[in-house]
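Structure first, then comments.
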Amino acid sequence: MTVRLPEGDLRERLERYLEGFREHVELDEAGLEGNLVRVVVEPGAVPRVLTVAREALGIMHLSFITVVDRRGHFDLTYELLDLRGGRVQVRTTLEDEEPVMESVTGIYPTANWHEREAYDMFGIAFRGHPDLRRVYTWQDHFDHHPLLKSFEISTKRTFEGLR
Amino acid sequence: MMLREEERRHTETVTLSGRMSDRLVRPDIRDEFGLETMDMNMGPQHPSMHGLLRLILELDGETIVRCDPVMGYLHRCQEKIAENRLYPAVIPLTDRLDYLANIHNEHGYCMAVEDLMDVEVPPRAEAIRVLMSELMRLASHIPSIGFLLLELGAFTPILYGFRERERIQDIFEAITGARMMFHYIRIGGVKADLPEGMEERIWNYIESLEASFKRDFIDLIEGNEIFVARTRGVGKITPQKALEIGLTGPPLRCTGVDFDVRRDYPYSWYPNVEFDVVTDEAGDVEASYRVRVRECYQSMRIIKQVLEKMPEGEVMADLGRRLRPPEGEGFGRVESPRGEFAVHVVSDGTDVPYRVHYRDPSFVNMQMLQEIVPGHYLPDIMPIMGLIDPVSGGWDK
């Protein structure tokens, strides 16, 4: 009972990934940079891209999900590793005041806590998540999402006078 | 802020104590003998817990039915603090993430900012970084072997483990000036060159450690009847499951998956040294112990090679006083003793990061508790924690 990890030339493999994504999903933008395949899609297409990555291309590892609050919309980055030098970044933009995103826990179960963290910190609701609770802050009586740019901290400092 | 529908649906079954068990939601639930399961709270203050972690356990007799980790007791919202600091001022904060492997956190963050700014780090600085990382790995793996044994009731290995950690900390103190919160790796290099005679001192220490390592950490433990009875087959996990959960580091390698960031995503000075990626087939607590022990030997091997091949030259790139990275994104990924530590830094062109995201291995590996612990006996939780070896500052950020 072993896991098959990818073999062969890195460059060839990355091109195969890019082709695979192009074949199965409509991409807004895609490209190769170094050891990185960069894919930009609509929010609704993210689960399909990740399904292709796992089922058809055999990329086993979801490294992290980063959310960036751009004041008005959210940028989401899903970083996948094929564990042999290749990286795939799936990016999407959520244009919503109250963002809802499709959960990818059914595809990469490790996304469970990553999505809980994103929900806790940014208030992004993941549709279809099995257990969407806050992971760090209080479960009750706390209606804030601390990493939103609209959440001001009391010790905010500026560095104007510094050289 | 109004609760959204999604949120409301989930808060219905959520109380202060996390998710309620089925028994509380449906009080009439009984097993075949008419007996109920029991909810039990383990932690947050628990003598054998790795820091502040609370586990809500549902027990059927002494068998665990459900394990629900509740985190956040050490949450400082590091990522928010980092958004209000200058780029170099984030480095001392990263020391407080995984406080048993500070150098790796600093290294990951600095790599991300260097990626953002396209900085060329001098080779001597890279070699010193690798040297420090591997010393740090020894200083983290050796006590963690001790912790595992302490949780099984053996007191000696933790004393030996901390004796070695103390010696490594003395070396760190001589190099960086601090025993734990080093602030040594800087953006573009390291703070200062190694002091006079330090290379020889590290060499001598590694020689003495090599001489005593087998006696103190292998002969004493491996094959011990109690150790085997408590760890063999406990926390057993298949490679497929490990990859699904997203495990990295020793918990992944002990299942036989051959993945190490140092080799597969080479960074810093690692392409210049030779080492083996240690794996084991069993995938249980005993296997994770074996992996850690053998990784210590690899670390010693790397340290010796670095000392032999140490390049001369500067240890810091000239970046000017105030860092203003261009707009864009940077990534750093290192192999910390617990697994893959990754940093994602987003810049908006000012001197303060727009967003810093840490992917901490302790946090991700802890998901294993939910998946693996059910079906085990209550006293098996602590060996499984020893397999994951999480650090409170890491999983809580």
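Residues are referred to by chain and number: the chain letter is A, B, ... according to the order shown in the structure tokens, the number counts from 1 in that chain, and ligands are numbered separately from 1 in the order shown.
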
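Per DSSP on the backbone, strand (DSSP E) in segment 38-270 of chain B comprises Met38, Asp39, Met40, Asn41, Met42, Arg54, Leu55, Ile56, Leu57, Glu58, Leu59, Asp60, Thr63, Ile64, Val65, Arg66, Cys67, Asp68, Pro69, Val70, Ile185, Arg186, Gly189 and Val190 of chain B.
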
Suppose we keep N, CA and C atoms; can you now write the selection as a compact mmCIF listing (two decimals), in the first residue's frame?
# COMPACT_ATOMS: atom_id res chain seq x y z
N MET B 38 -19.97 9.20 27.52
CA MET B 38 -19.68 10.25 28.49
C MET B 38 -18.82 11.32 27.83
N ASP B 39 -19.16 12.57 28.08
CA ASP B 39 -18.32 13.67 27.60
C ASP B 39 -17.26 13.98 28.63
N MET B 40 -16.03 14.15 28.16
CA MET B 40 -14.98 14.50 29.09
C MET B 40 -14.11 15.61 28.52
N ASN B 41 -13.67 16.44 29.42
CA ASN B 41 -12.86 17.57 29.04
C ASN B 41 -11.41 17.28 29.41
N MET B 42 -10.52 17.42 28.46
CA MET B 42 -9.10 17.21 28.77
C MET B 42 -8.39 18.52 28.47
N ARG B 54 -7.31 22.19 24.55
CA ARG B 54 -8.42 21.52 25.20
C ARG B 54 -9.01 20.51 24.24
N LEU B 55 -9.19 19.30 24.74
CA LEU B 55 -9.81 18.27 23.92
C LEU B 55 -11.15 17.92 24.54
N ILE B 56 -12.20 18.00 23.73
CA ILE B 56 -13.50 17.52 24.20
C ILE B 56 -13.63 16.09 23.71
N LEU B 57 -13.70 15.19 24.66
CA LEU B 57 -13.71 13.77 24.30
C LEU B 57 -15.07 13.18 24.61
N GLU B 58 -15.51 12.32 23.74
CA GLU B 58 -16.71 11.54 24.03
C GLU B 58 -16.24 10.11 24.23
N LEU B 59 -16.50 9.57 25.41
CA LEU B 59 -15.96 8.26 25.76
C LEU B 59 -17.05 7.22 25.86
N ASP B 60 -16.73 6.04 25.34
CA ASP B 60 -17.59 4.88 25.53
C ASP B 60 -16.77 3.93 26.38
N THR B 63 -12.94 3.86 25.70
CA THR B 63 -12.64 4.05 24.28
C THR B 63 -13.16 5.41 23.83
N ILE B 64 -12.35 6.08 23.05
CA ILE B 64 -12.74 7.41 22.59
C ILE B 64 -13.64 7.27 21.36
N VAL B 65 -14.77 7.94 21.40
CA VAL B 65 -15.68 7.92 20.27
C VAL B 65 -15.47 9.16 19.40
N ARG B 66 -15.21 10.28 20.05
CA ARG B 66 -15.05 11.54 19.31
C ARG B 66 -14.02 12.37 20.04
N CYS B 67 -13.19 13.04 19.26
CA CYS B 67 -12.18 13.92 19.85
C CYS B 67 -12.26 15.26 19.12
N ASP B 68 -12.48 16.30 19.86
CA ASP B 68 -12.71 17.61 19.25
C ASP B 68 -11.75 18.62 19.88
N PRO B 69 -10.65 18.95 19.19
CA PRO B 69 -9.71 19.91 19.77
C PRO B 69 -10.29 21.32 19.75
N VAL B 70 -10.15 22.03 20.85
CA VAL B 70 -10.57 23.43 20.93
C VAL B 70 -9.29 24.25 21.09
N ILE B 185 18.24 35.64 12.05
CA ILE B 185 18.17 35.69 10.59
C ILE B 185 17.45 36.97 10.19
N ARG B 186 18.08 37.74 9.34
CA ARG B 186 17.50 39.02 8.92
C ARG B 186 17.21 38.97 7.42
N GLY B 189 20.22 38.28 4.93
CA GLY B 189 21.39 37.63 5.51
C GLY B 189 21.16 37.21 6.94
N VAL B 190 22.20 37.30 7.74
CA VAL B 190 22.06 37.05 9.18
C VAL B 190 22.65 38.24 9.93

key: 7 Å contact set for segment 149-164 of chain B, only C-alpha atoms, chain neighbours under 3 positions out, as a ChimeraX atom specification   = /B:48,142-143,145-146,167-168,216,382-383

task = as a PyMOL selection string, please: all residues of segment 4-238 of chain B that backbone DSSP puts in helix (DSSP H, G or I).
result = chain B and resi 5-11+22-25+78-82+88-95+102-117+123-151+156-176+198-219+225-231

query = Using only C-alpha atoms, which of the listed residues (B:Met136, B:Ile245, B:Cys110, B:Ala89) sits closest to His344 of chain B?
reply = B:Cys110

inquiry  = When you count only C-alpha atoms, which of these residues is closest to chain B: A:Glu95, A:Glu7, A:Glu12, A:Asp28?
reply    = A:Glu7

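Close contacts of segment 96-98 of chain B, defined as residues with an atom at most 7 Å away when counting only C-alpha atoms, with chain neighbours fewer than 4 positions off set aside, comprise Asn102, Val391, Gly393, Gly394 and Lys397 of chain B.
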
ask   = Could you pull the residues within 10 Å of Pro146 of chain A, counting only C-alpha atoms, minus those fewer than 5 positions along the same chain, as a VMD selection string?
value = (chain A and resid 120 to 123 137 151 to 153) or (chain B and resid 77 79 to 80)

Residues from the last selection, N, CA, C and O atoms, saved as a PDB file, in the first residue's frame:
ATOM      1  N   ASP A 120     -13.108  32.173  10.390  1.00  0.00           N
ATOM      2  CA  ASP A 120     -12.910  32.865  11.652  1.00  0.00           C
ATOM      3  C   ASP A 120     -12.315  34.253  11.429  1.00  0.00           C
ATOM      4  O   ASP A 120     -12.768  35.246  11.991  1.00  0.00           O
ATOM      5  N   MET A 121     -11.305  34.314  10.562  1.00  0.00           N
ATOM      6  CA  MET A 121     -10.545  35.546  10.418  1.00  0.00           C
ATOM      7  C   MET A 121     -11.176  36.530   9.434  1.00  0.00           C
ATOM      8  O   MET A 121     -10.981  37.731   9.541  1.00  0.00           O
ATOM      9  N   PHE A 122     -11.912  36.016   8.434  1.00  0.00           N
ATOM     10  CA  PHE A 122     -12.457  36.905   7.400  1.00  0.00           C
ATOM     11  C   PHE A 122     -13.967  36.818   7.246  1.00  0.00           C
ATOM     12  O   PHE A 122     -14.544  37.586   6.500  1.00  0.00           O
ATOM     13  N   GLY A 123     -14.609  35.870   7.884  1.00  0.00           N
ATOM     14  CA  GLY A 123     -16.051  35.744   7.745  1.00  0.00           C
ATOM     15  C   GLY A 123     -16.496  35.171   6.421  1.00  0.00           C
ATOM     16  O   GLY A 123     -17.638  35.385   6.014  1.00  0.00           O
ATOM     17  N   THR A 137     -11.056  32.184  17.770  1.00  0.00           N
ATOM     18  CA  THR A 137     -11.741  33.129  18.661  1.00  0.00           C
ATOM     19  C   THR A 137     -12.958  32.466  19.287  1.00  0.00           C
ATOM     20  O   THR A 137     -13.272  31.320  19.004  1.00  0.00           O
ATOM     21  N   PHE A 151     -11.437  45.967  10.556  1.00  0.00           N
ATOM     22  CA  PHE A 151     -11.282  45.723  11.994  1.00  0.00           C
ATOM     23  C   PHE A 151     -10.047  46.487  12.464  1.00  0.00           C
ATOM     24  O   PHE A 151      -8.907  46.071  12.219  1.00  0.00           O
ATOM     25  N   GLU A 152     -10.281  47.647  13.102  1.00  0.00           N
ATOM     26  CA  GLU A 152      -9.158  48.496  13.529  1.00  0.00           C
ATOM     27  C   GLU A 152      -8.649  48.024  14.877  1.00  0.00           C
ATOM     28  O   GLU A 152      -9.432  47.692  15.759  1.00  0.00           O
ATOM     29  N   ILE A 153      -7.335  48.021  15.039  1.00  0.00           N
ATOM     30  CA  ILE A 153      -6.790  47.684  16.353  1.00  0.00           C
ATOM     31  C   ILE A 153      -6.431  48.970  17.084  1.00  0.00           C
ATOM     32  O   ILE A 153      -6.150  49.999  16.472  1.00  0.00           O
TER      33      ILE A 153
ATOM     34  N   CYS B  77      -3.155  36.468  17.271  1.00  0.00           N
ATOM     35  CA  CYS B  77      -3.418  37.059  15.965  1.00  0.00           C
ATOM     36  C   CYS B  77      -2.143  37.658  15.383  1.00  0.00           C
ATOM     37  O   CYS B  77      -2.095  38.819  15.018  1.00  0.00           O
ATOM     38  N   GLU B  79      -0.877  37.375  12.622  1.00  0.00           N
ATOM     39  CA  GLU B  79      -0.962  37.878  11.255  1.00  0.00           C
ATOM     40  C   GLU B  79      -1.456  39.317  11.248  1.00  0.00           C
ATOM     41  O   GLU B  79      -1.061  40.126  10.416  1.00  0.00           O
ATOM     42  N   LYS B  80      -2.346  39.662  12.193  1.00  0.00           N
ATOM     43  CA  LYS B  80      -2.827  41.042  12.285  1.00  0.00           C
ATOM     44  C   LYS B  80      -1.720  41.947  12.820  1.00  0.00           C
ATOM     45  O   LYS B  80      -1.536  43.065  12.341  1.00  0.00           O
TER      46      LYS B  80
END
